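With compact mmCIF, C-alpha atoms and all ligand atoms inside, this is coords_23.txt:
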# COMPACT_ATOMS: atom_id res chain seq x y z
CA MET L 204 122.70 -186.33 55.03
CA ARG L 205 121.80 -185.31 58.54
CA ALA L 206 125.53 -184.77 59.03
CA TRP L 207 125.45 -182.01 56.40
CA MET L 208 122.58 -180.13 58.03
CA PRO L 209 123.62 -176.84 59.62
CA ALA L 210 123.53 -176.21 63.35
CA ALA L 211 120.10 -176.17 64.91
CA GLY L 212 117.98 -173.20 63.97
CA ARG L 213 119.33 -172.48 60.52
CA PRO L 214 117.66 -174.06 57.49
CA ALA L 215 119.89 -176.01 55.13
CA THR L 216 120.74 -174.51 51.75
CA VAL L 217 121.35 -176.69 48.70
CA LEU L 218 122.37 -175.96 45.12
CA ALA L 219 119.80 -177.51 42.76
CA PRO L 220 121.06 -179.78 40.00
CA MET L 221 120.99 -178.05 36.61
CA GLN L 222 122.00 -179.81 33.44
CA ASP L 223 124.82 -178.11 31.53
CA VAL L 224 125.08 -175.47 34.27
CA THR L 225 126.15 -176.96 37.60
CA HIS L 226 129.34 -178.53 36.35
CA HIS L 227 132.74 -178.42 38.00
CA GLY L 228 133.67 -174.93 36.77
CA PHE L 229 130.39 -173.39 37.87
CA LEU L 230 130.64 -174.97 41.33
CA ALA L 231 134.08 -173.39 41.77
CA ILE L 232 132.86 -169.94 40.67
CA LEU L 233 129.80 -170.15 42.92
CA ALA L 234 131.74 -171.43 45.93
CA ARG L 235 134.00 -168.36 45.83
CA ARG L 236 130.92 -166.21 46.45
CA SER L 237 128.69 -168.27 48.70
CA GLN L 238 128.40 -171.89 49.70
CA PRO L 239 125.28 -173.96 50.14
CA ASP L 240 125.49 -176.72 52.74
CA TRP L 241 125.71 -179.26 49.91
CA PHE L 242 125.60 -179.46 46.14
CA VAL L 243 123.80 -181.86 43.79
CA THR L 244 125.25 -182.65 40.35
CA GLU L 245 123.24 -182.61 37.15
CA TYR L 246 121.95 -186.08 36.42
CA PHE L 247 123.99 -189.07 35.29
CA ARG L 248 121.99 -190.91 32.63
CA VAL L 249 121.56 -194.55 33.60
CA TYR L 250 120.58 -197.23 31.05
CA PRO L 251 121.82 -200.70 30.15
CA ASN L 252 125.62 -200.59 29.81
CA SER L 253 125.76 -196.85 30.60
CA ARG L 254 129.05 -195.55 31.99
CA VAL L 255 129.67 -192.78 34.51
CA ASP L 256 130.04 -189.45 32.67
CA ARG L 257 133.56 -188.30 33.58
CA ARG L 258 132.74 -184.67 32.96
CA ILE L 259 130.02 -184.69 35.63
CA ALA L 260 132.06 -186.89 37.98
CA ARG L 261 134.70 -184.12 38.21
CA CYS L 262 132.27 -182.29 40.52
CA PHE L 263 133.07 -184.73 43.34
CA GLU L 264 136.33 -186.26 42.14
CA GLU L 265 137.95 -182.82 42.08
CA ASN L 266 135.45 -181.18 44.40
CA PRO L 267 136.31 -177.46 44.24
CA THR L 268 133.95 -176.53 47.09
CA GLY L 269 135.00 -178.27 50.29
CA ARG L 270 131.35 -179.18 50.84
CA PRO L 271 129.56 -182.48 50.10
CA VAL L 272 128.62 -183.07 46.45
CA VAL L 273 125.80 -185.54 45.85
CA ALA L 274 125.53 -187.37 42.51
CA GLN L 275 122.11 -187.40 40.87
CA MET L 276 120.99 -190.28 38.63
CA ILE L 277 118.15 -190.54 36.14
CA GLY L 278 116.99 -193.93 34.92
CA ARG L 279 114.32 -196.60 35.29
CA ASP L 280 115.93 -199.99 35.83
CA PRO L 281 116.72 -200.93 39.45
CA ALA L 282 119.74 -203.10 38.58
CA ASP L 283 121.30 -200.44 36.32
CA LEU L 284 120.71 -197.75 38.92
CA VAL L 285 122.36 -199.86 41.63
CA ARG L 286 125.34 -200.57 39.36
CA ILE L 287 125.96 -196.88 38.65
CA ALA L 288 125.16 -195.76 42.22
CA ARG L 289 127.84 -198.09 43.59
CA GLU L 290 130.38 -196.65 41.19
CA LEU L 291 129.40 -193.07 42.05
CA GLU L 292 129.88 -193.83 45.73
CA LYS L 293 133.24 -195.43 45.02
CA ARG L 294 134.36 -192.38 43.06
CA GLY L 295 133.68 -190.03 45.94
CA ALA L 296 130.08 -188.83 45.67
CA ALA L 297 128.87 -187.79 49.13
CA GLY L 298 125.56 -189.50 48.41
CA VAL L 299 123.32 -190.60 45.58
CA ASP L 300 120.11 -188.86 44.53
CA LEU L 301 117.30 -190.22 42.35
CA ASN L 302 115.70 -187.83 39.85
CA LEU L 303 111.89 -188.06 39.87
CA GLY L 304 111.20 -184.68 38.32
CA CYS L 305 112.68 -184.08 34.89
CA PRO L 306 109.73 -183.01 32.70
CA ALA L 307 111.47 -183.34 29.32
CA PRO L 308 109.09 -185.34 27.09
CA VAL L 309 111.93 -187.50 25.76
CA VAL L 310 112.85 -188.49 29.35
CA CYS L 311 109.23 -189.01 30.50
CA ARG L 312 108.44 -191.17 27.46
CA LYS L 313 111.21 -193.52 28.60
CA GLU L 314 109.59 -193.69 32.04
CA ALA L 315 112.51 -191.98 33.74
CA GLY L 316 112.69 -188.68 35.68
CA GLY L 317 109.22 -187.17 36.03
CA GLY L 318 107.81 -190.00 33.93
CA LEU L 319 108.43 -192.41 36.83
CA LEU L 320 105.87 -190.54 38.92
CA ARG L 321 103.17 -192.32 36.88
CA ASP L 322 104.48 -195.64 38.20
CA PRO L 323 104.89 -195.56 42.01
CA ALA L 324 105.29 -199.35 42.06
CA ARG L 325 108.46 -199.03 39.98
CA ILE L 326 109.76 -196.23 42.26
CA ASP L 327 109.15 -198.62 45.14
CA ARG L 328 111.29 -201.32 43.48
CA ILE L 329 114.04 -198.84 42.60
CA LEU L 330 114.28 -197.45 46.14
CA GLU L 331 114.21 -200.91 47.66
CA ALA L 332 117.12 -201.97 45.45
CA LEU L 333 119.14 -198.81 46.09
CA ARG L 334 118.53 -198.76 49.83
CA GLY L 335 119.53 -202.38 50.11
CA GLU L 336 122.81 -201.92 48.25
CA LEU L 337 124.15 -198.48 49.11
CA ALA L 338 126.39 -197.79 52.07
CA GLY L 339 126.02 -194.00 52.01
CA PRO L 340 123.19 -191.46 51.90
CA LEU L 341 120.31 -191.97 49.45
CA THR L 342 118.16 -188.97 48.63
CA VAL L 343 115.31 -188.29 46.22
CA LYS L 344 114.39 -185.17 44.26
CA THR L 345 110.78 -185.25 43.20
CA ARG L 346 107.94 -183.22 41.82
CA LEU L 347 104.47 -183.48 43.41
CA GLY L 348 103.10 -185.81 40.80
CA TYR L 349 102.79 -186.15 37.05
CA ASP L 350 99.33 -184.67 36.39
CA ALA L 351 98.05 -183.52 39.78
CA PRO L 352 99.43 -182.78 43.26
CA GLU L 353 96.97 -185.24 44.78
CA GLU L 354 99.31 -187.98 43.51
CA PHE L 355 101.85 -186.86 46.12
CA GLN L 356 100.18 -188.72 48.99
CA ARG L 357 100.81 -192.09 47.35
CA LEU L 358 104.40 -191.12 46.54
CA LEU L 359 105.03 -190.16 50.16
CA GLU L 360 103.93 -193.63 51.23
CA VAL L 361 106.53 -195.11 48.91
CA PHE L 362 109.28 -192.74 50.13
CA ALA L 363 108.42 -193.51 53.76
CA ARG L 364 108.89 -197.25 53.19
CA HIS L 365 112.56 -197.01 52.26
CA ALA L 366 114.24 -194.88 54.92
CA ILE L 367 115.59 -192.37 52.41
CA ASP L 368 117.99 -189.85 53.93
CA GLY L 369 116.44 -186.74 52.42
CA LEU L 370 113.72 -185.57 50.06
CA ALA L 371 113.90 -182.44 47.91
CA VAL L 372 110.49 -181.40 46.61
CA HIS L 373 110.17 -179.20 43.54
CA ALA L 374 106.71 -178.08 44.51
CA ARG L 375 105.09 -178.43 41.10
CA THR L 376 103.76 -181.30 39.04
CA VAL L 377 105.40 -182.38 35.80
CA ARG L 378 102.48 -180.81 33.92
CA ASP L 379 103.14 -177.50 35.74
CA GLY L 380 106.53 -177.19 34.02
CA TYR L 381 108.48 -174.23 35.40
CA ALA L 382 106.21 -171.23 35.09
CA THR L 383 103.38 -171.71 37.60
CA PRO L 384 103.49 -170.57 41.23
CA VAL L 385 104.81 -173.34 43.50
CA ARG L 386 102.58 -175.23 45.96
CA PRO L 387 104.26 -175.05 49.41
CA GLN L 388 101.31 -176.67 51.20
CA TRP L 389 102.21 -180.03 49.61
CA VAL L 390 105.80 -179.77 50.83
CA LYS L 391 104.37 -179.24 54.31
CA LEU L 392 102.63 -182.58 54.00
CA ALA L 393 105.98 -184.24 53.24
CA ALA L 394 107.72 -182.48 56.14
CA ALA L 395 105.02 -183.78 58.50
CA ALA L 396 104.96 -187.31 57.07
CA LEU L 397 108.65 -188.19 56.72
CA PRO L 398 111.32 -188.66 59.38
CA CYS L 399 114.10 -187.41 57.05
CA PRO L 400 114.88 -183.75 56.27
CA VAL L 401 112.60 -182.33 53.56
CA ILE L 402 114.05 -179.62 51.35
CA ALA L 403 111.71 -177.22 49.51
CA ASN L 404 112.50 -176.19 45.95
CA GLY L 405 111.01 -173.84 43.39
CA ASN L 406 111.05 -170.10 42.78
CA ALA L 407 113.37 -169.08 45.62
CA VAL L 408 114.88 -166.18 43.69
CA CYS L 409 116.19 -164.12 46.64
CA ALA L 410 116.47 -164.33 50.44
CA ALA L 411 112.89 -163.06 50.89
CA THR L 412 111.33 -165.66 48.58
CA ALA L 413 113.50 -168.38 50.16
CA ARG L 414 112.27 -167.30 53.59
CA ALA L 415 108.65 -167.28 52.40
CA LEU L 416 108.95 -170.77 50.89
CA LEU L 417 110.55 -172.08 54.10
CA GLU L 418 107.81 -170.56 56.24
CA GLN L 419 104.96 -171.72 54.02
CA SER L 420 106.33 -175.26 53.64
CA GLY L 421 107.80 -175.94 57.09
CA ALA L 422 110.76 -177.51 55.27
CA ALA L 423 114.14 -178.10 56.92
CA GLY L 424 115.97 -176.47 54.04
CA ILE L 425 115.79 -174.74 50.72
CA MET L 426 117.18 -175.78 47.35
CA VAL L 427 117.96 -172.99 44.89
CA GLY L 428 118.55 -173.37 41.17
CA ARG L 429 118.03 -170.48 38.76
CA GLY L 430 118.26 -167.93 41.57
CA ALA L 431 121.85 -169.06 42.23
CA ILE L 432 122.81 -168.53 38.59
CA ARG L 433 121.39 -165.02 38.77
CA ASN L 434 122.85 -164.29 42.18
CA PRO L 435 125.72 -166.51 43.34
CA TRP L 436 125.76 -164.69 46.71
CA ILE L 437 122.28 -166.01 47.48
CA PHE L 438 123.33 -168.81 49.87
CA ALA L 439 125.19 -166.42 52.13
CA GLN L 440 122.24 -164.01 51.95
CA ILE L 441 119.80 -166.73 53.02
CA ALA L 442 122.10 -168.00 55.78
CA ALA L 443 122.88 -164.49 57.02
CA ASP L 444 119.23 -163.72 57.35
CA ASP L 445 119.55 -162.40 60.87
CA ALA L 446 123.15 -161.23 60.59
CA PRO L 447 123.85 -157.52 60.39
CA ALA L 448 125.57 -157.59 57.02
CA PRO L 449 124.51 -160.13 54.42
CA PRO L 450 126.44 -159.71 51.16
CA ARG L 451 125.11 -156.88 48.99
CA PRO L 452 126.74 -157.34 45.59
CA HIS L 453 127.19 -154.41 43.24
CA LEU L 454 126.88 -154.37 39.48
CA ARG L 455 130.68 -154.42 39.14
CA ASP L 456 130.76 -157.60 41.29
CA LEU L 457 128.34 -159.09 38.78
CA LEU L 458 130.65 -158.03 35.95
CA VAL L 459 133.53 -159.92 37.61
CA TYR L 460 131.24 -162.97 37.99
CA VAL L 461 130.21 -162.81 34.30
CA GLY L 462 133.90 -162.49 33.40
CA GLU L 463 134.71 -165.69 35.32
CA LEU L 464 131.83 -167.50 33.59
CA TRP L 465 133.17 -166.29 30.25
CA GLU L 466 136.68 -167.59 31.07
CA MET L 467 135.13 -170.95 32.01
CA VAL L 468 133.07 -171.15 28.81
CA ALA L 469 135.87 -169.86 26.57
CA ALA L 470 138.31 -172.40 28.02
CA VAL L 471 136.49 -175.29 26.30
CA PRO L 472 138.95 -176.42 23.62
CA GLY L 473 137.81 -175.94 20.05
CA LEU L 474 134.73 -173.89 20.88
CA GLY L 475 134.22 -171.11 18.33
CA GLU L 476 133.31 -167.55 19.28
CA ARG L 477 129.67 -167.96 18.27
CA SER L 478 129.32 -171.09 20.40
CA GLN L 479 131.00 -169.37 23.33
CA VAL L 480 128.43 -166.57 23.19
CA ALA L 481 125.63 -169.13 22.80
CA ALA L 482 126.94 -171.07 25.84
CA MET L 483 126.90 -167.87 27.92
CA LYS L 484 123.23 -167.32 27.14
CA LYS L 485 122.08 -170.16 29.39
CA PHE L 486 123.58 -168.20 32.29
CA MET L 487 122.76 -164.72 31.00
CA ASN L 488 119.03 -165.42 30.57
CA PHE L 489 118.88 -165.40 34.37
CA ILE L 490 121.67 -162.94 35.19
CA ALA L 491 120.54 -160.18 32.83
CA ASP L 492 116.85 -160.36 33.73
CA GLY L 493 115.83 -157.13 35.46
CA ILE L 494 119.24 -155.43 35.52
CA ASP L 495 117.77 -152.37 33.79
CA PRO L 496 114.08 -151.45 33.95
CA GLU L 497 113.63 -151.51 30.17
CA GLY L 498 115.12 -154.98 29.76
CA ALA L 499 117.64 -153.66 27.22
CA PHE L 500 120.54 -155.72 28.68
CA LEU L 501 118.63 -159.01 28.43
CA HIS L 502 117.38 -158.09 24.96
CA GLY L 503 120.93 -157.26 23.88
CA VAL L 504 122.65 -160.38 25.23
CA ARG L 505 120.01 -162.61 23.66
CA ARG L 506 120.95 -161.14 20.29
CA ALA L 507 124.72 -160.96 20.75
CA ALA L 508 126.66 -163.05 18.23
CA THR L 509 130.31 -162.02 18.72
CA ALA L 510 132.59 -162.12 21.76
CA ALA L 511 133.38 -158.42 21.43
CA GLY L 512 129.70 -157.52 21.14
CA PHE L 513 128.74 -159.66 24.12
CA LEU L 514 131.55 -158.51 26.41
CA GLY L 515 131.04 -154.88 25.41
CA LEU L 516 127.38 -155.09 26.32
CA CYS L 517 128.26 -156.59 29.71
CA ARG L 518 130.64 -153.69 30.37
CA ASP L 519 128.02 -151.13 29.25
CA PHE L 520 125.42 -152.39 31.70
CA LEU L 521 127.52 -153.72 34.58
CA ASP L 522 130.57 -151.48 34.82
CA ARG L 523 128.48 -149.02 36.82
CA ASP L 524 127.76 -147.96 40.38
CA GLY L 525 124.74 -149.42 42.06
CA PRO L 526 123.53 -152.62 43.70
CA VAL L 527 122.39 -155.73 41.88
CA PRO L 528 118.56 -155.67 42.12
CA GLU L 529 117.52 -157.98 44.96
CA ARG L 530 115.23 -160.06 42.76
CA PRO L 531 114.07 -160.18 39.15
CA PRO L 532 111.15 -157.98 38.08
CA PRO L 533 107.63 -159.31 38.80
CA GLN L 534 106.99 -159.69 35.08
CA SER L 535 110.20 -161.73 34.64
CA GLY L 536 110.09 -164.22 31.80
CA SER L 537 112.82 -166.43 33.28
CA PHE L 538 111.40 -166.77 36.82
CA ARG L 539 107.65 -166.77 36.28
CA GLY L 540 105.34 -167.27 39.25
CA PHE L 541 107.70 -166.26 42.08
CA GLY L 542 105.55 -163.27 43.12
CA ALA L 543 102.97 -165.62 44.60
CA LEU L 544 105.45 -166.53 47.37
CA LEU L 545 105.51 -162.90 48.46
CA GLY L 546 101.74 -162.61 48.36
CA GLY L 547 101.78 -161.08 44.90
CA GLY L 548 99.38 -163.60 43.36
CA ARG L 549 100.06 -165.07 39.96
CA ASP L 550 102.54 -163.11 37.93
C1 LIG M 1 118.80 -175.35 33.09
C2 LIG M 1 118.17 -176.27 34.10
C3 LIG M 1 118.61 -177.58 34.18
C4 LIG M 1 118.06 -178.45 35.13
N1 LIG M 1 118.57 -179.72 35.25
C5 LIG M 1 118.11 -180.53 36.26
C6 LIG M 1 118.72 -181.80 36.55
O1 LIG M 1 119.72 -182.22 35.92
N2 LIG M 1 118.18 -182.54 37.56
C7 LIG M 1 117.10 -182.11 38.31
O2 LIG M 1 116.65 -182.80 39.24
N3 LIG M 1 116.54 -180.91 38.07
C8 LIG M 1 117.02 -180.11 37.10
N4 LIG M 1 116.48 -178.87 36.92
C9 LIG M 1 115.43 -178.41 37.85
C10 LIG M 1 116.06 -177.64 39.04
O3 LIG M 1 116.90 -178.48 39.81
C11 LIG M 1 114.98 -177.04 39.95
O4 LIG M 1 114.19 -178.09 40.45
C12 LIG M 1 114.07 -176.05 39.23
O5 LIG M 1 114.84 -175.16 38.42
C13 LIG M 1 113.25 -175.22 40.23
O6 LIG M 1 114.08 -174.55 41.14
P1 LIG M 1 114.45 -172.98 40.97
O7 LIG M 1 113.16 -172.23 40.84
O8 LIG M 1 115.23 -172.64 42.21
O9 LIG M 1 115.25 -172.86 39.71
C14 LIG M 1 117.00 -178.00 35.96
C15 LIG M 1 116.56 -176.69 35.86
C16 LIG M 1 117.12 -175.82 34.94
C17 LIG M 1 116.63 -174.40 34.88
Any chance you could put this one into structure tokens?
Amino acid sequence: MRAWMPAAGRPATVLAPMQDVTHHGFLAILARRSQPDWFVTEYFRVYPNSRVDRRIARCFEENPTGRPVVAQMIGRDPADLVRIARELEKRGAAGVDLNLGCPAPVVCRKEAGGGLLRDPARIDRILEALRGELAGPLTVKTRLGYDAPEEFQRLLEVFARHAIDGLAVHARTVRDGYATPVRPQWVKLAAAALPCPVIANGNAVCAATARALLEQSGAAGIMVGRGAIRNPWIFAQIAADDAPAPPRPHLRDLLVYVGELWEMVAAVPGLGERSQVAAMKKFMNFIADGIDPEGAFLHGVRRAATAAGFLGLCRDFLDRDGPVPERPPPQSGSFRGFGALLGGGRD
């Protein structure tokens, strides 16, 4: 993973894994606008006799980005995880990442994802098995703990024992969910304790919040999820921090982006119009937030039921002059808590 880090001085940028979002088509659309230093796929589910999901594997088998694509796994059994990790490596994943953060109750109940954080001894066994068997990079994406951030210290001891190649920290606990402010001071602890690059994650919604999270955490890089759906130019904006002309997308650029997402969604064979519009909503919840001060665009797309209605609404609000707002509004429902990074307290 060190090989993917940018030249000295610039923090690394990474696309966060997002289930049902960061698939092959989305990576291609994003990469045409800005490129993180590497990408992480949504998770491959690993259980006895599980097979590699071919749809997700396209991200690295037909990598449309020219940058490394790491395969993320979620599971609990060391032998199963090793079996799938070997296959992912063989099929061209640039590295393998272990998910220790998914808060979905159904996942946590099975002691996978965030649920594993309650059992550091099992994480220890999993990492030992993976490290011993894998030829390529092994990374971990974790939350700070299950119930409380104080659990992080013990987790760091486990991570330190296995020479992992990188650690991405979503700076919240599982209990925190998605809506609280993040806790950069705990990422700082990881950056000081581990020899590998530590990547901070959570609530970087624009270049300024990314910069603030980097400064407050001392991390070597920044991982962006929802902010990259909203603003696919964000990686170039973060990287071009000191450059004279970071990309400044206009509303019509956003309309072209939404059009490409629509083509991607509509191209799924057999998908009816209603389902196409529904599929767009997982992107639009982030893209539409804060485009107009009254929130009429977001309100409208959430209620759209026909292709004509949805696309017409996009044209009404985006086929206009004017820049895309730099970040969502402080009262955003989709990105709650980001204001704290800018000194805005809880929002
Ligand atoms: C729709 C969605 C799907 C996600 N799927 C995954 C996943 O498959 N694996 C994972 O580790 N995290 C997943 N996450 C969490 C993100 O990777 C990231 O940690 C979280 O969104 C915080 O970062 P952000 O504020 O930049 O979005 C998902 C998040 C969202 C919003």
Step by step, measure atom-to-atom distances between ligand LIG 1 (chain M) and each residue using all atoms listed in the file, keep those at most 8 Å, then write them as a CSV table (one decimal) with C-alpha atoms, in the coordinates of the input.
chain,number,residue,atom,x,y,z
L,219,ALA,CA,119.8,-177.5,42.8
L,220,PRO,CA,121.1,-179.8,40.0
L,221,MET,CA,121.0,-178.0,36.6
L,222,GLN,CA,122.0,-179.8,33.4
L,223,ASP,CA,124.8,-178.1,31.5
L,224,VAL,CA,125.1,-175.5,34.3
L,244,THR,CA,125.2,-182.6,40.4
L,245,GLU,CA,123.2,-182.6,37.2
L,246,TYR,CA,122.0,-186.1,36.4
L,275,GLN,CA,122.1,-187.4,40.9
L,302,ASN,CA,115.7,-187.8,39.8
L,303,LEU,CA,111.9,-188.1,39.9
L,304,GLY,CA,111.2,-184.7,38.3
L,305,CYS,CA,112.7,-184.1,34.9
L,316,GLY,CA,112.7,-188.7,35.7
L,344,LYS,CA,114.4,-185.2,44.3
L,345,THR,CA,110.8,-185.2,43.2
L,372,VAL,CA,110.5,-181.4,46.6
L,373,HIS,CA,110.2,-179.2,43.5
L,381,TYR,CA,108.5,-174.2,35.4
L,404,ASN,CA,112.5,-176.2,46.0
L,405,GLY,CA,111.0,-173.8,43.4
L,406,ASN,CA,111.0,-170.1,42.8
L,407,ALA,CA,113.4,-169.1,45.6
L,408,VAL,CA,114.9,-166.2,43.7
L,426,MET,CA,117.2,-175.8,47.4
L,427,VAL,CA,118.0,-173.0,44.9
L,428,GLY,CA,118.6,-173.4,41.2
L,429,ARG,CA,118.0,-170.5,38.8
L,430,GLY,CA,118.3,-167.9,41.6
L,431,ALA,CA,121.8,-169.1,42.2
L,485,LYS,CA,122.1,-170.2,29.4
L,538,PHE,CA,111.4,-166.8,36.8
As an exercise, work out the distance from atom CA of Arg312 of chain L to atom CA of Phe247 of chain L in Å and give it to one decimal place.
17.5 Å
When you draw a straight line from atom CA of Ile367 of chain L to atom CA of Asp350 of chain L, how long is it in Å?
24.1 Å
Which residues, written as an mmCIF file with C-alpha atoms, in the coordinates of the input, have at least one atom at most 9 Å from Asp379 of chain L, with all atoms listed in the file counted and residues fewer than 5 positions away on the same chain left out?
data_model
loop_
_atom_site.group_PDB
_atom_site.id
_atom_site.type_symbol
_atom_site.label_atom_id
_atom_site.label_comp_id
_atom_site.auth_asym_id
_atom_site.auth_seq_id
_atom_site.Cartn_x
_atom_site.Cartn_y
_atom_site.Cartn_z
ATOM 1 C CA TYR L 349 102.790 -186.150 37.050
ATOM 2 C CA ASP L 350 99.330 -184.670 36.390
ATOM 3 C CA ALA L 351 98.050 -183.520 39.780
ATOM 4 C CA PRO L 384 103.490 -170.570 41.230
ATOM 5 C CA VAL L 385 104.810 -173.340 43.500
#
Selection as an MDAnalysis selection string: residues within 10 Å of (118.1, -190.5, 44.0), counting all atoms listed in the file:
chainID L and resid 246 273:278 284 288 298:303 329:330 333 340:345 367:371
Take the residues just selected and output them with C-alpha atoms as a PDB file, keeping the file's coordinate frame.
ATOM      1  CA  TYR L 246     121.950-186.080  36.420  1.00  0.00           C
ATOM      2  CA  VAL L 273     125.800-185.540  45.850  1.00  0.00           C
ATOM      3  CA  ALA L 274     125.530-187.370  42.510  1.00  0.00           C
ATOM      4  CA  GLN L 275     122.110-187.400  40.870  1.00  0.00           C
ATOM      5  CA  MET L 276     120.990-190.280  38.630  1.00  0.00           C
ATOM      6  CA  ILE L 277     118.150-190.540  36.140  1.00  0.00           C
ATOM      7  CA  GLY L 278     116.990-193.930  34.920  1.00  0.00           C
ATOM      8  CA  LEU L 284     120.710-197.750  38.920  1.00  0.00           C
ATOM      9  CA  ALA L 288     125.160-195.760  42.220  1.00  0.00           C
ATOM     10  CA  GLY L 298     125.560-189.500  48.410  1.00  0.00           C
ATOM     11  CA  VAL L 299     123.320-190.600  45.580  1.00  0.00           C
ATOM     12  CA  ASP L 300     120.110-188.860  44.530  1.00  0.00           C
ATOM     13  CA  LEU L 301     117.300-190.220  42.350  1.00  0.00           C
ATOM     14  CA  ASN L 302     115.700-187.830  39.850  1.00  0.00           C
ATOM     15  CA  LEU L 303     111.890-188.060  39.870  1.00  0.00           C
ATOM     16  CA  ILE L 329     114.040-198.840  42.600  1.00  0.00           C
ATOM     17  CA  LEU L 330     114.280-197.450  46.140  1.00  0.00           C
ATOM     18  CA  LEU L 333     119.140-198.810  46.090  1.00  0.00           C
ATOM     19  CA  PRO L 340     123.190-191.460  51.900  1.00  0.00           C
ATOM     20  CA  LEU L 341     120.310-191.970  49.450  1.00  0.00           C
ATOM     21  CA  THR L 342     118.160-188.970  48.630  1.00  0.00           C
ATOM     22  CA  VAL L 343     115.310-188.290  46.220  1.00  0.00           C
ATOM     23  CA  LYS L 344     114.390-185.170  44.260  1.00  0.00           C
ATOM     24  CA  THR L 345     110.780-185.250  43.200  1.00  0.00           C
ATOM     25  CA  ILE L 367     115.590-192.370  52.410  1.00  0.00           C
ATOM     26  CA  ASP L 368     117.990-189.850  53.930  1.00  0.00           C
ATOM     27  CA  GLY L 369     116.440-186.740  52.420  1.00  0.00           C
ATOM     28  CA  LEU L 370     113.720-185.570  50.060  1.00  0.00           C
ATOM     29  CA  ALA L 371     113.900-182.440  47.910  1.00  0.00           C
TER      30      ALA L 371
END
Rounded to one decimal in Å, what is the spacing between atom CA of Ala403 of chain L and atom CA of Ile425 of chain L?
4.9 Å
Counting only C-alpha atoms, the residue among L:Val310, L:Ala410, L:Val468, L:Leu358 that lies closest to Arg325 of chain L is L:Leu358
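Nearest-residue note for Ala411 of chain L: choosing from L:Leu544, L:Val309, L:Val504, L:Leu457, the minimum distance belongs to L:Leu544, counting all atoms listed in the file.
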With only C-alpha atoms as the counted atoms, please give the residues lying no more than 9 Å from segment 447-451 of chain L, apart from itself and same-chain residues fewer than 2 positions off, as a list in words.
Trp436, Ile437, Ala439, Gln440, Ile441, Ala442, Ala443, Asp444, Asp445, His453, Pro526, Val527 and Glu529 of chain L
Store the residues picked out above in a file with C-alpha atoms, as an mmCIF file, keeping the file's coordinate frame.
data_model
loop_
_atom_site.group_PDB
_atom_site.id
_atom_site.type_symbol
_atom_site.label_atom_id
_atom_site.label_comp_id
_atom_site.auth_asym_id
_atom_site.auth_seq_id
_atom_site.Cartn_x
_atom_site.Cartn_y
_atom_site.Cartn_z
ATOM 1 C CA TRP L 436 125.760 -164.690 46.710
ATOM 2 C CA ILE L 437 122.280 -166.010 47.480
ATOM 3 C CA ALA L 439 125.190 -166.420 52.130
ATOM 4 C CA GLN L 440 122.240 -164.010 51.950
ATOM 5 C CA ILE L 441 119.800 -166.730 53.020
ATOM 6 C CA ALA L 442 122.100 -168.000 55.780
ATOM 7 C CA ALA L 443 122.880 -164.490 57.020
ATOM 8 C CA ASP L 444 119.230 -163.720 57.350
ATOM 9 C CA ASP L 445 119.550 -162.400 60.870
ATOM 10 C CA HIS L 453 127.190 -154.410 43.240
ATOM 11 C CA PRO L 526 123.530 -152.620 43.700
ATOM 12 C CA VAL L 527 122.390 -155.730 41.880
ATOM 13 C CA GLU L 529 117.520 -157.980 44.960
#
Just the residues within 9 Å of Arg213 of chain L, please, counting all atoms listed in the file, with nothing from its chain fewer than 5 positions along; format it as number ranges by chain.
L: 208, 423-424, 442
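Near Ile287 of chain L, within a cut-off of 10 Å and counting only C-alpha atoms, sit the residues Phe247, Arg248, Val249, Tyr250, Asn252, Ser253, Arg254, Val255, Met276, Ala282, Asp283, Leu284, Val285, Arg289, Glu290, Leu291, Glu292, Lys293 and Val299 of chain L, with same-chain residues fewer than 2 positions away left out.
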Pick from L:Leu347, L:Ala297, L:Leu392, L:Val377: nearest to Gly318 of chain L, with only C-alpha atoms counted?
L:Val377
Of L:Met483, L:Phe438, L:Asp322, L:Asp519, the one sitting nearest Arg414 of chain L when using all atoms listed in the file is L:Phe438
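Remark: for Phe520 of chain L, the closest of the candidate residues L:Ala395, L:Ala215, L:Met467, L:Leu458 is L:Leu458 (distances computed over only C-alpha atoms).
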Within 10 Å of (135.0, -165.3, 41.0) (file coordinates; all atoms listed in the file), which protein or nucleic acid residues are there? I'd like them as number ranges by chain.
L: 229, 231-236, 435, 456-464
